[in-house]
$ cat run_8.tsv   # TSV, N, CA and C atoms
chain	number	residue	atom	x	y	z
C	87	MET	N	146.64	188.39	162.45
C	87	MET	CA	147.56	187.30	162.67
C	87	MET	C	146.80	186.03	163.03
C	88	THR	N	147.30	184.95	162.61
C	88	THR	CA	146.69	183.68	162.94
C	88	THR	C	147.38	183.07	164.14
C	89	ASP	N	146.67	182.21	164.80
C	89	ASP	CA	147.20	181.54	165.98
C	89	ASP	C	148.20	180.48	165.51
C	90	PRO	N	149.42	180.52	165.96
C	90	PRO	CA	150.39	179.54	165.49
C	90	PRO	C	150.13	178.15	166.04
C	91	LEU	N	149.35	178.05	167.12
C	91	LEU	CA	149.06	176.73	167.69
C	91	LEU	C	147.82	176.08	167.07
C	92	ALA	N	147.03	176.83	166.29
C	92	ALA	CA	145.82	176.27	165.67
C	92	ALA	C	146.24	175.32	164.55
C	93	PRO	N	145.57	174.16	164.48
C	93	PRO	CA	145.95	173.22	163.42
C	93	PRO	C	145.52	173.76	162.05
C	94	THR	N	146.33	173.57	161.11
C	94	THR	CA	145.99	174.01	159.75
C	94	THR	C	145.20	172.89	159.08
C	95	PRO	N	144.08	173.24	158.44
C	95	PRO	CA	143.28	172.20	157.78
C	95	PRO	C	143.99	171.69	156.52
C	96	THR	N	143.89	170.43	156.34
C	96	THR	CA	144.45	169.83	155.13
C	96	THR	C	143.35	169.75	154.08
C	97	PRO	N	143.69	169.68	152.84
C	97	PRO	CA	142.64	169.61	151.82
C	97	PRO	C	141.80	168.34	151.91
C	98	TYR	N	142.25	167.36	152.65
C	98	TYR	CA	141.51	166.11	152.75
C	98	TYR	C	140.74	165.97	154.06
C	99	SER	N	140.71	167.02	154.86
C	99	SER	CA	140.00	166.94	156.13
C	99	SER	C	138.51	167.14	155.91
C	100	ALA	N	137.71	166.64	156.83
C	100	ALA	CA	136.25	166.77	156.74
C	100	ALA	C	135.85	168.21	157.04
C	101	PRO	N	134.80	168.70	156.38
C	101	PRO	CA	134.37	170.07	156.67
C	101	PRO	C	133.75	170.14	158.06
C	102	SER	N	133.77	171.32	158.62
C	102	SER	CA	133.18	171.48	159.95
C	102	SER	C	131.67	171.36	159.86
C	103	ALA	N	131.04	171.12	161.00
C	103	ALA	CA	129.60	170.83	161.02
C	103	ALA	C	128.74	172.05	160.70
C	104	ASN	N	129.21	173.25	160.89
C	104	ASN	CA	128.37	174.43	160.66
C	104	ASN	C	128.57	175.05	159.30
C	105	VAL	N	129.19	174.37	158.39
C	105	VAL	CA	129.39	174.89	157.04
C	105	VAL	C	128.17	174.57	156.19
C	106	VAL	N	127.63	175.60	155.54
C	106	VAL	CA	126.48	175.43	154.65
C	106	VAL	C	127.01	175.32	153.23
C	107	PRO	N	126.58	174.31	152.47
C	107	PRO	CA	127.05	174.21	151.09
C	107	PRO	C	126.68	175.47	150.31
C	108	ALA	N	127.50	175.81	149.34
C	108	ALA	CA	127.33	177.06	148.60
C	108	ALA	C	126.11	177.04	147.70
C	109	ASN	N	125.66	175.87	147.26
C	109	ASN	CA	124.55	175.83	146.30
C	109	ASN	C	123.17	175.78	146.96
C	110	THR	N	123.06	175.77	148.28
C	110	THR	CA	121.76	175.77	148.95
C	110	THR	C	121.65	177.00	149.84
C	111	PRO	N	120.51	177.68	149.80
C	111	PRO	CA	120.34	178.82	150.70
C	111	PRO	C	120.28	178.35	152.15
C	112	ALA	N	120.76	179.18	153.05
C	112	ALA	CA	120.84	178.79	154.45
C	112	ALA	C	119.47	178.77	155.12
C	113	ASN	N	118.52	179.56	154.63
C	113	ASN	CA	117.22	179.67	155.29
C	113	ASN	C	116.18	178.70	154.73
C	114	THR	N	116.47	178.01	153.68
C	114	THR	CA	115.49	177.15	153.03
C	114	THR	C	115.67	175.72	153.50
C	115	PRO	N	114.60	175.09	154.05
C	115	PRO	CA	114.72	173.67	154.39
C	115	PRO	C	114.86	172.84	153.12
C	116	ALA	N	115.63	171.80	153.18
C	116	ALA	CA	115.94	171.01	151.98
C	116	ALA	C	114.73	170.26	151.44
C	117	ASP	N	113.84	169.75	152.30
C	117	ASP	CA	112.74	168.91	151.85
C	117	ASP	C	111.39	169.63	151.84
C	118	ALA	N	111.38	170.95	151.85
C	118	ALA	CA	110.11	171.68	151.93
C	118	ALA	C	109.28	171.52	150.67
C	119	ASP	N	109.91	171.45	149.50
C	119	ASP	CA	109.17	171.37	148.24
C	119	ASP	C	108.97	169.95	147.76
C	120	LYS	N	109.37	168.97	148.51
C	120	LYS	CA	109.31	167.59	148.04
C	120	LYS	C	108.10	166.82	148.52
C	121	PHE	N	107.20	167.43	149.29
C	121	PHE	CA	106.01	166.72	149.74
C	121	PHE	C	105.05	166.58	148.57
C	122	PRO	N	104.59	165.38	148.26
C	122	PRO	CA	103.76	165.14	147.07
C	122	PRO	C	102.31	165.55	147.27
C	123	VAL	N	102.04	166.83	147.23
C	123	VAL	CA	100.69	167.34	147.51
C	123	VAL	C	99.70	166.84	146.46
C	124	LEU	N	100.05	166.95	145.19
C	124	LEU	CA	99.12	166.52	144.13
C	124	LEU	C	98.85	165.03	144.20
C	125	GLY	N	99.87	164.25	144.50
C	125	GLY	CA	99.67	162.81	144.60
C	125	GLY	C	98.76	162.42	145.74
C	126	VAL	N	98.92	163.10	146.87
C	126	VAL	CA	98.06	162.80	148.04
C	126	VAL	C	96.62	163.21	147.75
C	127	ILE	N	96.43	164.38	147.14
C	127	ILE	CA	95.07	164.82	146.82
C	127	ILE	C	94.45	163.90	145.77
C	128	ALA	N	95.24	163.43	144.80
C	128	ALA	CA	94.73	162.48	143.80
C	128	ALA	C	94.29	161.18	144.47
C	129	MET	N	95.09	160.70	145.41
C	129	MET	CA	94.73	159.46	146.10
C	129	MET	C	93.45	159.62	146.92
C	130	ILE	N	93.35	160.72	147.67
C	130	ILE	CA	92.16	160.96	148.48
C	130	ILE	C	90.93	161.12	147.60
C	131	SER	N	91.08	161.86	146.51
C	131	SER	CA	89.94	162.08	145.61
C	131	SER	C	89.50	160.78	144.95
C	132	GLY	N	90.44	159.96	144.55
C	132	GLY	CA	90.09	158.67	143.94
C	132	GLY	C	89.39	157.75	144.92
C	133	ILE	N	89.88	157.68	146.15
C	133	ILE	CA	89.25	156.82	147.16
C	133	ILE	C	87.85	157.32	147.48
C	134	LEU	N	87.70	158.63	147.65
C	134	LEU	CA	86.37	159.18	147.91
C	134	LEU	C	85.44	158.98	146.72
C	135	GLY	N	85.99	159.01	145.51
C	135	GLY	CA	85.18	158.74	144.32
C	135	GLY	C	84.59	157.35	144.32
C	136	ILE	N	85.36	156.37	144.82
C	136	ILE	CA	84.83	155.00	144.91
C	136	ILE	C	83.78	154.91	146.00
C	137	VAL	N	84.09	155.47	147.17
C	137	VAL	CA	83.17	155.36	148.31
C	137	VAL	C	81.85	156.05	148.01
C	138	VAL	N	81.92	157.26	147.49
C	138	VAL	CA	80.70	158.01	147.18
C	138	VAL	C	80.07	157.48	145.89
C	139	GLY	N	80.88	156.88	145.03
C	139	GLY	CA	80.37	156.34	143.77
C	139	GLY	C	79.44	155.17	143.94
C	140	ILE	N	79.54	154.48	145.05
C	140	ILE	CA	78.62	153.37	145.32
C	140	ILE	C	77.19	153.90	145.38
C	141	PHE	N	77.04	155.15	145.81
C	141	PHE	CA	75.72	155.77	145.89
C	141	PHE	C	75.40	156.59	144.65
C	142	GLY	N	76.32	156.64	143.67
C	142	GLY	CA	76.06	157.32	142.41
C	142	GLY	C	76.46	158.78	142.36
C	143	TRP	N	77.19	159.29	143.34
C	143	TRP	CA	77.52	160.71	143.38
C	143	TRP	C	79.02	160.98	143.33
C	144	GLY	N	79.84	160.06	142.95
C	144	GLY	CA	81.28	160.24	143.03
C	144	GLY	C	81.99	160.43	141.71
C	145	LEU	N	81.26	160.72	140.65
C	145	LEU	CA	81.88	160.84	139.33
C	145	LEU	C	82.88	161.99	139.27
C	146	LEU	N	82.53	163.14	139.82
C	146	LEU	CA	83.45	164.28	139.78
C	146	LEU	C	84.70	164.03	140.62
C	147	LEU	N	84.53	163.38	141.76
C	147	LEU	CA	85.70	163.06	142.58
C	147	LEU	C	86.63	162.08	141.87
C	148	SER	N	86.06	161.12	141.18
C	148	SER	CA	86.87	160.15	140.45
C	148	SER	C	87.60	160.81	139.29
C	149	ILE	N	86.92	161.68	138.58
C	149	ILE	CA	87.58	162.40	137.48
C	149	ILE	C	88.69	163.30	138.03
C	150	GLY	N	88.45	163.92	139.18
C	150	GLY	CA	89.49	164.72	139.82
C	150	GLY	C	90.69	163.89	140.21
C	151	GLY	N	90.46	162.67	140.70
C	151	GLY	CA	91.56	161.77	141.03
C	151	GLY	C	92.37	161.39	139.81
C	152	ILE	N	91.69	161.19	138.68
C	152	ILE	CA	92.39	160.83	137.44
C	152	ILE	C	93.24	162.01	136.96
C	153	VAL	N	92.64	163.19	136.90
C	153	VAL	CA	93.36	164.37	136.40
C	153	VAL	C	94.56	164.69	137.30
C	154	LEU	N	94.34	164.73	138.60
C	154	LEU	CA	95.43	165.04	139.52
C	154	LEU	C	96.48	163.93	139.54
C	155	GLY	N	96.07	162.70	139.33
C	155	GLY	CA	97.03	161.61	139.25
C	155	GLY	C	97.95	161.74	138.05
C	156	HIS	N	97.39	162.14	136.90
C	156	HIS	CA	98.23	162.34	135.71
C	156	HIS	C	99.15	163.55	135.87
C	157	ILE	N	98.66	164.62	136.48
C	157	ILE	CA	99.52	165.78	136.72
C	157	ILE	C	100.64	165.42	137.70
C	158	SER	N	100.29	164.69	138.74
C	158	SER	CA	101.30	164.27	139.72
C	158	SER	C	102.31	163.31	139.09
C	159	PHE	N	101.86	162.50	138.15
C	159	PHE	CA	102.77	161.60	137.44
C	159	PHE	C	103.85	162.38	136.70
C	160	SER	N	103.47	163.50	136.10
C	160	SER	CA	104.46	164.27	135.35
C	160	SER	C	105.33	165.14	136.24
C	161	ARG	N	104.85	165.54	137.41
C	161	ARG	CA	105.61	166.45	138.27
C	161	ARG	C	106.29	165.78	139.44
C	162	GLU	N	105.71	164.73	139.98
C	162	GLU	CA	106.21	164.11	141.21
C	162	GLU	C	106.47	162.63	140.98
C	163	ARG	N	107.48	162.33	140.20
C	163	ARG	CA	107.76	160.93	139.87
C	163	ARG	C	108.10	160.09	141.10
C	164	ALA	N	108.71	160.70	142.11
C	164	ALA	CA	109.13	159.94	143.28
C	164	ALA	C	107.95	159.47	144.13
C	165	ALA	N	106.80	160.13	144.01
C	165	ALA	CA	105.63	159.78	144.81
C	165	ALA	C	104.75	158.79	144.06
C	166	LYS	N	105.35	157.73	143.56
C	166	LYS	CA	104.64	156.79	142.70
C	166	LYS	C	103.45	156.13	143.39
C	167	GLY	N	103.57	155.84	144.66
C	167	GLY	CA	102.47	155.18	145.36
C	167	GLY	C	101.23	156.05	145.44
C	168	PHE	N	101.41	157.34	145.62
C	168	PHE	CA	100.26	158.24	145.75
C	168	PHE	C	99.56	158.44	144.41
C	169	TRP	N	100.33	158.81	143.36
C	169	TRP	CA	99.65	159.10	142.09
C	169	TRP	C	99.13	157.84	141.44
C	170	LEU	N	99.81	156.71	141.64
C	170	LEU	CA	99.30	155.46	141.07
C	170	LEU	C	98.01	155.03	141.75
C	171	THR	N	97.94	155.19	143.06
C	171	THR	CA	96.69	154.91	143.78
C	171	THR	C	95.59	155.84	143.33
C	172	GLY	N	95.90	157.12	143.13
C	172	GLY	CA	94.91	158.07	142.64
C	172	GLY	C	94.40	157.70	141.26
C	173	LEU	N	95.29	157.27	140.37
C	173	LEU	CA	94.86	156.88	139.02
C	173	LEU	C	94.00	155.62	139.04
C	174	ILE	N	94.45	154.61	139.77
C	174	ILE	CA	93.71	153.35	139.79
C	174	ILE	C	92.34	153.54	140.43
C	175	THR	N	92.30	154.19	141.59
C	175	THR	CA	91.01	154.38	142.25
C	175	THR	C	90.13	155.34	141.47
C	176	GLY	N	90.73	156.29	140.75
C	176	GLY	CA	89.93	157.19	139.92
C	176	GLY	C	89.25	156.46	138.78
C	177	TYR	N	90.01	155.61	138.07
C	177	TYR	CA	89.40	154.86	136.97
C	177	TYR	C	88.38	153.84	137.47
C	178	VAL	N	88.67	153.19	138.58
C	178	VAL	CA	87.70	152.24	139.15
C	178	VAL	C	86.45	153.00	139.60
C	179	GLY	N	86.63	154.19	140.18
C	179	GLY	CA	85.49	155.00	140.60
C	179	GLY	C	84.62	155.43	139.43
C	180	VAL	N	85.25	155.80	138.31
C	180	VAL	CA	84.47	156.15	137.11
C	180	VAL	C	83.67	154.94	136.64
C	181	LEU	N	84.29	153.78	136.63
C	181	LEU	CA	83.59	152.56	136.21
C	181	LEU	C	82.42	152.25	137.14
C	182	ILE	N	82.63	152.35	138.44
C	182	ILE	CA	81.55	152.10	139.40
C	182	ILE	C	80.42	153.10	139.21
C	183	ASN	N	80.78	154.38	139.03
C	183	ASN	CA	79.75	155.40	138.85
C	183	ASN	C	78.94	155.17	137.58
C	184	ILE	N	79.59	154.77	136.50
C	184	ILE	CA	78.87	154.51	135.26
C	184	ILE	C	77.92	153.33	135.45
C	185	ILE	N	78.38	152.27	136.11
C	185	ILE	CA	77.52	151.10	136.34
C	185	ILE	C	76.33	151.48	137.21
C	186	VAL	N	76.57	152.24	138.27
C	186	VAL	CA	75.48	152.65	139.17
C	186	VAL	C	74.49	153.55	138.43
C	187	LEU	N	74.98	154.50	137.66
C	187	LEU	CA	74.07	155.41	136.96
C	187	LEU	C	73.27	154.70	135.87
C	188	VAL	N	73.91	153.77	135.16
C	188	VAL	CA	73.16	152.98	134.17
C	188	VAL	C	72.10	152.14	134.87
C	189	GLY	N	72.44	151.55	136.00
C	189	GLY	CA	71.46	150.78	136.77
C	189	GLY	C	70.30	151.63	137.25
C	190	VAL	N	70.59	152.84	137.68
C	190	VAL	CA	69.51	153.73	138.14
C	190	VAL	C	68.60	154.09	136.98
C	191	PHE	N	69.19	154.40	135.81
C	191	PHE	CA	68.35	154.74	134.66
C	191	PHE	C	67.53	153.55	134.18
C	192	VAL	N	68.09	152.36	134.23
C	192	VAL	CA	67.33	151.17	133.83
C	192	VAL	C	66.18	150.93	134.80
C	193	LEU	N	66.44	151.03	136.09
C	193	LEU	CA	65.37	150.84	137.06
C	193	LEU	C	64.31	151.92	136.94
C	194	PHE	N	64.73	153.15	136.67
C	194	PHE	CA	63.76	154.23	136.48
C	194	PHE	C	62.91	153.98	135.24
C	195	GLY	N	63.54	153.51	134.17
C	195	GLY	CA	62.78	153.19	132.95
C	195	GLY	C	61.82	152.05	133.18
C	196	LEU	N	62.24	151.03	133.91
C	196	LEU	CA	61.33	149.92	134.22
C	196	LEU	C	60.16	150.39	135.08
C	197	ALA	N	60.44	151.26	136.02
C	197	ALA	CA	59.36	151.77	136.87
C	197	ALA	C	58.36	152.57	136.04
C	198	LEU	N	58.85	153.36	135.10
C	198	LEU	CA	57.93	154.13	134.25
C	198	LEU	C	57.11	153.24	133.34
C	199	SER	N	57.67	152.10	132.92
C	199	SER	CA	56.90	151.21	132.06
C	199	SER	C	55.87	150.40	132.85
C	200	VAL	N	56.06	150.22	134.13
C	200	VAL	CA	55.14	149.44	134.95
C	200	VAL	C	53.99	150.30	135.46
C	201	ILE	N	54.19	151.60	135.58
C	201	ILE	CA	53.15	152.48	136.14
C	201	ILE	C	51.85	152.43	135.35
C	202	PRO	N	51.84	152.47	134.00
C	202	PRO	CA	50.54	152.37	133.29
C	202	PRO	C	49.81	151.04	133.55
C	203	GLN	N	50.57	149.95	133.65
C	203	GLN	CA	49.94	148.66	133.92
C	203	GLN	C	49.34	148.63	135.31
C	204	LEU	N	50.02	149.22	136.28
C	204	LEU	CA	49.49	149.26	137.63
C	204	LEU	C	48.26	150.15	137.72
C	205	SER	N	48.26	151.25	136.98
C	205	SER	CA	47.10	152.12	137.03
C	205	SER	C	45.88	151.46	136.38
C	206	GLU	N	46.09	150.64	135.34
C	206	GLU	CA	44.96	149.89	134.73
C	206	GLU	C	44.43	148.87	135.71
C	207	GLU	N	45.28	148.16	136.40
C	207	GLU	CA	44.84	147.18	137.37
C	207	GLU	C	44.11	147.81	138.52
C	208	MET	N	44.59	148.98	138.94
C	208	MET	CA	43.93	149.68	140.04
C	208	MET	C	42.56	150.19	139.63
C	209	SER	N	42.41	150.62	138.36
C	209	SER	CA	41.11	151.13	137.93
C	209	SER	C	40.12	150.00	137.71
C	210	ASN	N	40.58	148.80	137.42
C	210	ASN	CA	39.70	147.67	137.23
C	210	ASN	C	39.20	147.09	138.54
C	211	MET	N	39.76	147.44	139.63
C	211	MET	CA	39.34	146.89	140.91
C	211	MET	C	38.09	147.49	141.37
$ encode --input "run_8.tsv" --output "structure tokens"
Amino acid sequence: MTDPLAPTPTPYSAPSANVVPANTPANTPADADKFPVLGVIAMISGILGIVVGIFGWGLLLSIGGIVLGHISFSRERAAKGFWLTGLITGYVGVLINIIVLVGVFVLFGLALSVIPQLSEEMSNM
């Protein structure tokens, strides 16, 4: 039997606070899967690729930032700031690494071309 003094809900009344919608499981937090992990890792990898790339060792980190940025672009559209930062810093890091490595090879080649001249001068002394 129902309580005759209890108010009957109308179809237009607000639902009670402890009602769980039927389409969401009660034990699953709503925002657990929405954290942009790939975007954050892409951003960190791209930034580290630039920082380490100044010394010529960040090429793999920059490529990782580019790859993870593109994957995050396709999976996590809402995290645009993270994956876009990862892509931009990744491409800039690749460019910096290429410039640094070309500079190192040019300087190494110049040093190898100067060594025979220095050895001739040293032997003439």
$ closest_residue --input "run_8.tsv" --among "C:Phe168, C:Tyr177, C:Tyr98, C:Phe194" --to "Ile130 of chain C" --atoms "only C-alpha atoms"
C:Phe168
$ atom_distance --input "run_8.tsv" --atom1 "atom N of Met208 of chain C" --atom2 "atom C of Gly189 of chain C"
25.9 Å
$ residues_around --input "run_8.tsv" --residues "Asn183 of chain C" --least-positions-apart "6" --cutoff "7 Å" --atoms "all atoms listed in the file" --output "CSV table (one decimal) with N, CA and C atoms, keeping the file's coordinate frame"
chain,number,residue,atom,x,y,z
C,139,GLY,N,80.9,156.9,145.0
C,139,GLY,CA,80.4,156.3,143.8
C,139,GLY,C,79.4,155.2,143.9
C,140,ILE,N,79.5,154.5,145.0
C,140,ILE,CA,78.6,153.4,145.3
C,140,ILE,C,77.2,153.9,145.4
C,142,GLY,N,76.3,156.6,143.7
C,142,GLY,CA,76.1,157.3,142.4
C,142,GLY,C,76.5,158.8,142.4
C,143,TRP,N,77.2,159.3,143.3
C,143,TRP,CA,77.5,160.7,143.4
C,143,TRP,C,79.0,161.0,143.3
C,144,GLY,N,79.8,160.1,143.0
C,144,GLY,CA,81.3,160.2,143.0
C,144,GLY,C,82.0,160.4,141.7
C,145,LEU,N,81.3,160.7,140.6
C,145,LEU,CA,81.9,160.8,139.3
C,145,LEU,C,82.9,162.0,139.3
$ residues_around --input "run_8.tsv" --residues "Trp169 of chain C" --least-positions-apart "4" --cutoff "7 Å" --atoms "all atoms listed in the file" --output "list of chain:residue names"
C:Leu124, C:Gly125, C:Val126, C:Ala128, C:Met129, C:Leu154, C:Gly155, C:His156, C:Ser158, C:Phe159, C:Ala165, C:Leu173, C:Ile174
$ closest_residue --input "run_8.tsv" --among "C:Pro122, C:Phe141, C:Glu206, C:Ile201" --to "Ile185 of chain C" --atoms "only C-alpha atoms"
C:Phe141
